[in-house]
Amino acid sequence: MDILNTAITIRDSIRDIPKTYKANVSRIKELEDEQLDLLHQIELTKFNARDGYKIAKRIQEIRQERRRLKNENSQLKHLESIVSKWQDKLPKLDESIGNIRKEKGNITTRKYHCRVRKDLEPKINKIRG
């Protein structure tokens with residue numbers, strides 16, 4: 001198990017899931033507003049076949065992006081309500097990640113200090129290093 005990457009994933013999830021959820025909600029609202037503008041354009045103006053196709057194509061793109069965002073949020077909502085409550089833990093997680101990185105560095109440079117057989121110490125540490 002890669003503990004450092006697990007800790008980073010947890011921290012990033014706590015930080016990013018609420019932001020992504022809120023950004024998706026905002027983007028969905030923008031798309032719905034643009035769709036309403038296009039529907040009013042259809043209702044209130046005259047246009048040729050080429051312009052009608054462009055409007056229909058844009059509405060299709062809007063609907064597809066909106067559906068993608070809504071599908072993502074339908075899954076994110078189950079986590080968003082939980083991880084939003086953990087936002088205050090982010091500084092402690094950052095500190096823990098720093099400590100894990102430091103500990104990984106210490107593990108690679110660690111030396112064994114013999115208690116009795118001091119003559120073995122250079123051999124043991126040579127093998128480890």
# chains A, B, ... in the order shown; residues from 1 in each chain; ligands from 1

$ closest_atom_pairs --of "segment 40-126 of chain A" --to "segment 25-36 of chain A" --cutoff "9 Å" --atoms "only C-alpha atoms" --output "JSON lines"
{"residue": "A:His40", "atom": "CA", "partner": "A:Leu36", "partner_atom": "CA", "distance": 6.1}
{"residue": "A:Gln41", "atom": "CA", "partner": "A:Leu36", "partner_atom": "CA", "distance": 8.5}
{"residue": "A:Arg58", "atom": "CA", "partner": "A:Gln35", "partner_atom": "CA", "distance": 8.5}
{"residue": "A:Ile59", "atom": "CA", "partner": "A:Gln35", "partner_atom": "CA", "distance": 6.2}
{"residue": "A:Ile62", "atom": "CA", "partner": "A:Leu31", "partner_atom": "CA", "distance": 6.0}
{"residue": "A:Arg63", "atom": "CA", "partner": "A:Leu31", "partner_atom": "CA", "distance": 7.9}
{"residue": "A:Glu65", "atom": "CA", "partner": "A:Leu31", "partner_atom": "CA", "distance": 8.2}
{"residue": "A:Arg66", "atom": "CA", "partner": "A:Ile28", "partner_atom": "CA", "distance": 5.6}
{"residue": "A:Arg67", "atom": "CA", "partner": "A:Ile28", "partner_atom": "CA", "distance": 8.7}
{"residue": "A:Leu69", "atom": "CA", "partner": "A:Ile28", "partner_atom": "CA", "distance": 7.0}
{"residue": "A:Lys70", "atom": "CA", "partner": "A:Ile28", "partner_atom": "CA", "distance": 7.6}
{"residue": "A:Asn73", "atom": "CA", "partner": "A:Val25", "partner_atom": "CA", "distance": 8.0}

$ residues_around --residues "Tyr112 of chain A" --least-positions-apart "3" --cutoff "8 Å" --atoms "only C-alpha atoms" --output "number ranges by chain"
A: 121, 124-125

$ residues_around --residues "segment 83-98 of chain A" --least-positions-apart "5" --cutoff "12 Å" --atoms "only C-alpha atoms" --output "tab-separated table (two decimals) with N, CA, C and O atoms, in the first residue's frame"
chain	number	residue	atom	x	y	z
A	3	ILE	N	1.12	4.55	1.11
A	3	ILE	CA	0.46	5.38	2.12
A	3	ILE	C	0.45	6.85	1.71
A	3	ILE	O	-0.57	7.54	1.88
A	4	LEU	N	1.54	7.33	1.15
A	4	LEU	CA	1.61	8.73	0.74
A	4	LEU	C	0.55	9.04	-0.32
A	4	LEU	O	-0.19	10.02	-0.20
A	5	ASN	N	0.46	8.21	-1.35
A	5	ASN	CA	-0.53	8.46	-2.40
A	5	ASN	C	-1.96	8.33	-1.87
A	5	ASN	O	-2.85	9.06	-2.30
A	6	THR	N	-2.17	7.42	-0.93
A	6	THR	CA	-3.50	7.28	-0.32
A	6	THR	C	-3.87	8.55	0.43
A	6	THR	O	-4.98	9.07	0.30
A	7	ALA	N	-2.94	9.08	1.21
A	7	ALA	CA	-3.18	10.31	1.96
A	7	ALA	C	-3.46	11.48	1.03
A	7	ALA	O	-4.36	12.30	1.28
A	8	ILE	N	-2.70	11.57	-0.05
A	8	ILE	CA	-2.90	12.65	-1.02
A	8	ILE	C	-4.27	12.53	-1.69
A	8	ILE	O	-4.98	13.52	-1.86
A	9	THR	N	-4.67	11.31	-2.02
A	9	THR	CA	-5.98	11.09	-2.63
A	9	THR	C	-7.11	11.48	-1.68
A	9	THR	O	-8.09	12.13	-2.09
A	10	ILE	N	-6.96	11.13	-0.40
A	10	ILE	CA	-7.97	11.51	0.59
A	10	ILE	C	-8.06	13.03	0.69
A	10	ILE	O	-9.15	13.60	0.66
A	11	ARG	N	-6.91	13.68	0.82
A	11	ARG	CA	-6.90	15.14	0.93
A	11	ARG	C	-7.51	15.81	-0.30
A	11	ARG	O	-8.35	16.70	-0.19
A	12	ASP	N	-7.10	15.34	-1.48
A	12	ASP	CA	-7.61	15.93	-2.72
A	12	ASP	C	-9.12	15.71	-2.85
A	12	ASP	O	-9.84	16.59	-3.33
A	13	SER	N	-9.60	14.57	-2.42
A	13	SER	CA	-11.03	14.28	-2.48
A	13	SER	C	-11.81	15.22	-1.55
A	13	SER	O	-12.84	15.77	-1.95
A	14	ILE	N	-11.32	15.39	-0.35
A	14	ILE	CA	-12.00	16.28	0.60
A	14	ILE	C	-12.02	17.71	0.06
A	14	ILE	O	-13.01	18.42	0.19
A	15	ARG	N	-10.94	18.11	-0.58
A	15	ARG	CA	-10.85	19.47	-1.10
A	15	ARG	C	-11.65	19.64	-2.39
A	15	ARG	O	-12.35	20.63	-2.57
A	16	ASP	N	-11.60	18.65	-3.29
A	16	ASP	CA	-12.11	18.84	-4.64
A	16	ASP	C	-13.57	18.43	-4.85
A	16	ASP	O	-14.25	19.01	-5.70
A	17	ILE	N	-14.06	17.44	-4.14
A	17	ILE	CA	-15.43	16.97	-4.37
A	17	ILE	C	-16.45	18.08	-4.15
A	17	ILE	O	-17.30	18.31	-5.03
A	18	PRO	N	-16.41	18.81	-3.03
A	18	PRO	CA	-17.39	19.90	-2.87
A	18	PRO	C	-17.25	20.99	-3.95
A	18	PRO	O	-18.26	21.51	-4.43
A	19	LYS	N	-16.02	21.30	-4.33
A	19	LYS	CA	-15.80	22.32	-5.36
A	19	LYS	C	-16.37	21.86	-6.70
A	19	LYS	O	-17.03	22.63	-7.40
A	20	THR	N	-16.12	20.61	-7.05
A	20	THR	CA	-16.62	20.07	-8.32
A	20	THR	C	-18.13	20.04	-8.33
A	20	THR	O	-18.77	20.42	-9.32
A	21	TYR	N	-18.72	19.60	-7.23
A	21	TYR	CA	-20.19	19.54	-7.13
A	21	TYR	C	-20.80	20.93	-7.33
A	21	TYR	O	-21.71	21.11	-8.13
A	22	LYS	N	-20.26	21.93	-6.62
A	22	LYS	CA	-20.78	23.29	-6.73
A	22	LYS	C	-20.55	23.88	-8.13
A	22	LYS	O	-21.41	24.58	-8.67
A	76	LEU	N	-21.74	12.29	-7.13
A	76	LEU	CA	-20.98	13.11	-6.18
A	76	LEU	C	-21.80	13.49	-4.94
A	76	LEU	O	-21.24	13.64	-3.86
A	77	LYS	N	-23.12	13.64	-5.09
A	77	LYS	CA	-23.94	14.09	-3.97
A	77	LYS	C	-23.83	13.16	-2.77
A	77	LYS	O	-23.97	13.61	-1.63
A	78	HIS	N	-23.55	11.90	-3.01
A	78	HIS	CA	-23.43	10.94	-1.91
A	78	HIS	C	-22.16	11.17	-1.09
A	78	HIS	O	-22.12	10.83	0.09
A	103	GLU	N	9.14	11.07	6.79
A	103	GLU	CA	9.40	9.71	7.30
A	103	GLU	C	9.93	8.80	6.20
A	103	GLU	O	10.82	7.98	6.45
A	104	LYS	N	9.40	8.94	4.99
A	104	LYS	CA	9.91	8.13	3.86
A	104	LYS	C	11.38	8.43	3.61
A	104	LYS	O	12.17	7.54	3.33
A	105	GLY	N	11.75	9.71	3.73
A	105	GLY	CA	13.15	10.09	3.57
A	105	GLY	C	14.01	9.52	4.68
A	105	GLY	O	15.13	9.05	4.44

$ atom_distance --atom1 "atom CA of Leu39 of chain A" --atom2 "atom CA of Asn24 of chain A"
22.2 Å

$ decode --residues "segment 28-40 of chain A" --atoms "all heavy atoms" --output "mmCIF file, in the first residue's frame"
data_model
loop_
_atom_site.group_PDB
_atom_site.id
_atom_site.type_symbol
_atom_site.label_atom_id
_atom_site.label_comp_id
_atom_site.auth_asym_id
_atom_site.auth_seq_id
_atom_site.Cartn_x
_atom_site.Cartn_y
_atom_site.Cartn_z
ATOM 1 N N ILE A 28 -24.564 23.864 -14.740
ATOM 2 C CA ILE A 28 -25.893 23.400 -15.159
ATOM 3 C C ILE A 28 -26.844 24.582 -15.273
ATOM 4 O O ILE A 28 -27.600 24.704 -16.243
ATOM 5 C CB ILE A 28 -26.432 22.324 -14.183
ATOM 6 C CG1 ILE A 28 -25.644 21.018 -14.356
ATOM 7 C CG2 ILE A 28 -27.924 22.091 -14.397
ATOM 8 C CD1 ILE A 28 -25.865 20.010 -13.240
ATOM 9 N N LYS A 29 -26.801 25.482 -14.304
ATOM 10 C CA LYS A 29 -27.659 26.678 -14.326
ATOM 11 C C LYS A 29 -27.343 27.542 -15.551
ATOM 12 O O LYS A 29 -28.259 28.024 -16.236
ATOM 13 C CB LYS A 29 -27.459 27.479 -13.027
ATOM 14 C CG LYS A 29 -28.183 28.792 -12.986
ATOM 15 C CD LYS A 29 -29.672 28.627 -12.765
ATOM 16 C CE LYS A 29 -30.343 29.957 -12.496
ATOM 17 N NZ LYS A 29 -31.135 30.458 -13.588
ATOM 18 N N GLU A 30 -26.057 27.745 -15.845
ATOM 19 C CA GLU A 30 -25.665 28.524 -17.023
ATOM 20 C C GLU A 30 -26.186 27.884 -18.307
ATOM 21 O O GLU A 30 -26.686 28.578 -19.201
ATOM 22 C CB GLU A 30 -24.139 28.625 -17.118
ATOM 23 C CG GLU A 30 -23.487 29.502 -16.087
ATOM 24 C CD GLU A 30 -21.964 29.412 -16.142
ATOM 25 O OE1 GLU A 30 -21.411 28.939 -17.165
ATOM 26 O OE2 GLU A 30 -21.326 29.807 -15.154
ATOM 27 N N LEU A 31 -26.055 26.556 -18.393
ATOM 28 C CA LEU A 31 -26.517 25.849 -19.589
ATOM 29 C C LEU A 31 -28.029 25.962 -19.748
ATOM 30 O O LEU A 31 -28.536 26.168 -20.859
ATOM 31 C CB LEU A 31 -26.096 24.379 -19.533
ATOM 32 C CG LEU A 31 -24.593 24.113 -19.671
ATOM 33 C CD1 LEU A 31 -24.267 22.687 -19.285
ATOM 34 C CD2 LEU A 31 -24.114 24.435 -21.079
ATOM 35 N N GLU A 32 -28.742 25.835 -18.642
ATOM 36 C CA GLU A 32 -30.209 25.961 -18.702
ATOM 37 C C GLU A 32 -30.619 27.363 -19.123
ATOM 38 O O GLU A 32 -31.564 27.536 -19.895
ATOM 39 C CB GLU A 32 -30.815 25.591 -17.353
ATOM 40 C CG GLU A 32 -30.733 24.101 -17.066
ATOM 41 C CD GLU A 32 -31.139 23.707 -15.654
ATOM 42 O OE1 GLU A 32 -31.250 24.608 -14.779
ATOM 43 O OE2 GLU A 32 -31.338 22.506 -15.423
ATOM 44 N N ASP A 33 -29.899 28.371 -18.637
ATOM 45 C CA ASP A 33 -30.193 29.756 -19.029
ATOM 46 C C ASP A 33 -29.912 29.981 -20.518
ATOM 47 O O ASP A 33 -30.681 30.649 -21.210
ATOM 48 C CB ASP A 33 -29.388 30.747 -18.182
ATOM 49 C CG ASP A 33 -29.883 30.827 -16.748
ATOM 50 O OD1 ASP A 33 -30.984 30.311 -16.453
ATOM 51 O OD2 ASP A 33 -29.149 31.398 -15.904
ATOM 52 N N GLU A 34 -28.809 29.419 -21.011
ATOM 53 C CA GLU A 34 -28.501 29.548 -22.436
ATOM 54 C C GLU A 34 -29.564 28.843 -23.276
ATOM 55 O O GLU A 34 -29.998 29.358 -24.316
ATOM 56 C CB GLU A 34 -27.116 28.975 -22.753
ATOM 57 C CG GLU A 34 -26.735 29.152 -24.215
ATOM 58 C CD GLU A 34 -25.385 28.583 -24.600
ATOM 59 O OE1 GLU A 34 -24.647 28.108 -23.709
ATOM 60 O OE2 GLU A 34 -25.068 28.605 -25.808
ATOM 61 N N GLN A 35 -29.999 27.678 -22.814
ATOM 62 C CA GLN A 35 -31.045 26.945 -23.533
ATOM 63 C C GLN A 35 -32.334 27.770 -23.603
ATOM 64 O O GLN A 35 -32.979 27.837 -24.657
ATOM 65 C CB GLN A 35 -31.313 25.613 -22.855
ATOM 66 C CG GLN A 35 -32.424 24.814 -23.518
ATOM 67 C CD GLN A 35 -32.666 23.502 -22.819
ATOM 68 O OE1 GLN A 35 -31.797 22.668 -22.761
ATOM 69 N NE2 GLN A 35 -33.871 23.338 -22.300
ATOM 70 N N LEU A 36 -32.676 28.421 -22.496
ATOM 71 C CA LEU A 36 -33.869 29.285 -22.503
ATOM 72 C C LEU A 36 -33.725 30.426 -23.504
ATOM 73 O O LEU A 36 -34.693 30.766 -24.207
ATOM 74 C CB LEU A 36 -34.123 29.846 -21.102
ATOM 75 C CG LEU A 36 -34.814 28.905 -20.134
ATOM 76 C CD1 LEU A 36 -34.897 29.532 -18.747
ATOM 77 C CD2 LEU A 36 -36.197 28.547 -20.626
ATOM 78 N N ASP A 37 -32.521 31.000 -23.581
ATOM 79 C CA ASP A 37 -32.280 32.064 -24.558
ATOM 80 C C ASP A 37 -32.512 31.548 -25.982
ATOM 81 O O ASP A 37 -33.151 32.221 -26.800
ATOM 82 C CB ASP A 37 -30.849 32.602 -24.437
ATOM 83 C CG ASP A 37 -30.605 33.409 -23.185
ATOM 84 O OD1 ASP A 37 -31.594 33.809 -22.521
ATOM 85 O OD2 ASP A 37 -29.421 33.645 -22.853
ATOM 86 N N LEU A 38 -31.998 30.363 -26.258
ATOM 87 C CA LEU A 38 -32.149 29.792 -27.597
ATOM 88 C C LEU A 38 -33.613 29.464 -27.891
ATOM 89 O O LEU A 38 -34.096 29.677 -29.013
ATOM 90 C CB LEU A 38 -31.268 28.553 -27.751
ATOM 91 C CG LEU A 38 -29.763 28.819 -27.744
ATOM 92 C CD1 LEU A 38 -28.982 27.528 -27.669
ATOM 93 C CD2 LEU A 38 -29.349 29.648 -28.961
ATOM 94 N N LEU A 39 -34.326 28.958 -26.906
ATOM 95 C CA LEU A 39 -35.746 28.658 -27.099
ATOM 96 C C LEU A 39 -36.546 29.936 -27.344
ATOM 97 O O LEU A 39 -37.466 29.949 -28.173
ATOM 98 C CB LEU A 39 -36.301 27.885 -25.901
ATOM 99 C CG LEU A 39 -35.766 26.453 -25.743
ATOM 100 C CD1 LEU A 39 -36.253 25.850 -24.422
ATOM 101 C CD2 LEU A 39 -36.159 25.577 -26.923
ATOM 102 N N HIS A 40 -36.178 31.000 -26.661
ATOM 103 C CA HIS A 40 -36.851 32.286 -26.915
ATOM 104 C C HIS A 40 -36.493 32.816 -28.298
ATOM 105 O O HIS A 40 -37.333 33.424 -28.969
ATOM 106 C CB HIS A 40 -36.505 33.303 -25.826
ATOM 107 C CG HIS A 40 -37.313 33.123 -24.589
ATOM 108 N ND1 HIS A 40 -36.833 32.464 -23.488
ATOM 109 C CD2 HIS A 40 -38.592 33.483 -24.304
ATOM 110 C CE1 HIS A 40 -37.779 32.438 -22.567
ATOM 111 N NE2 HIS A 40 -38.862 33.039 -23.034
#
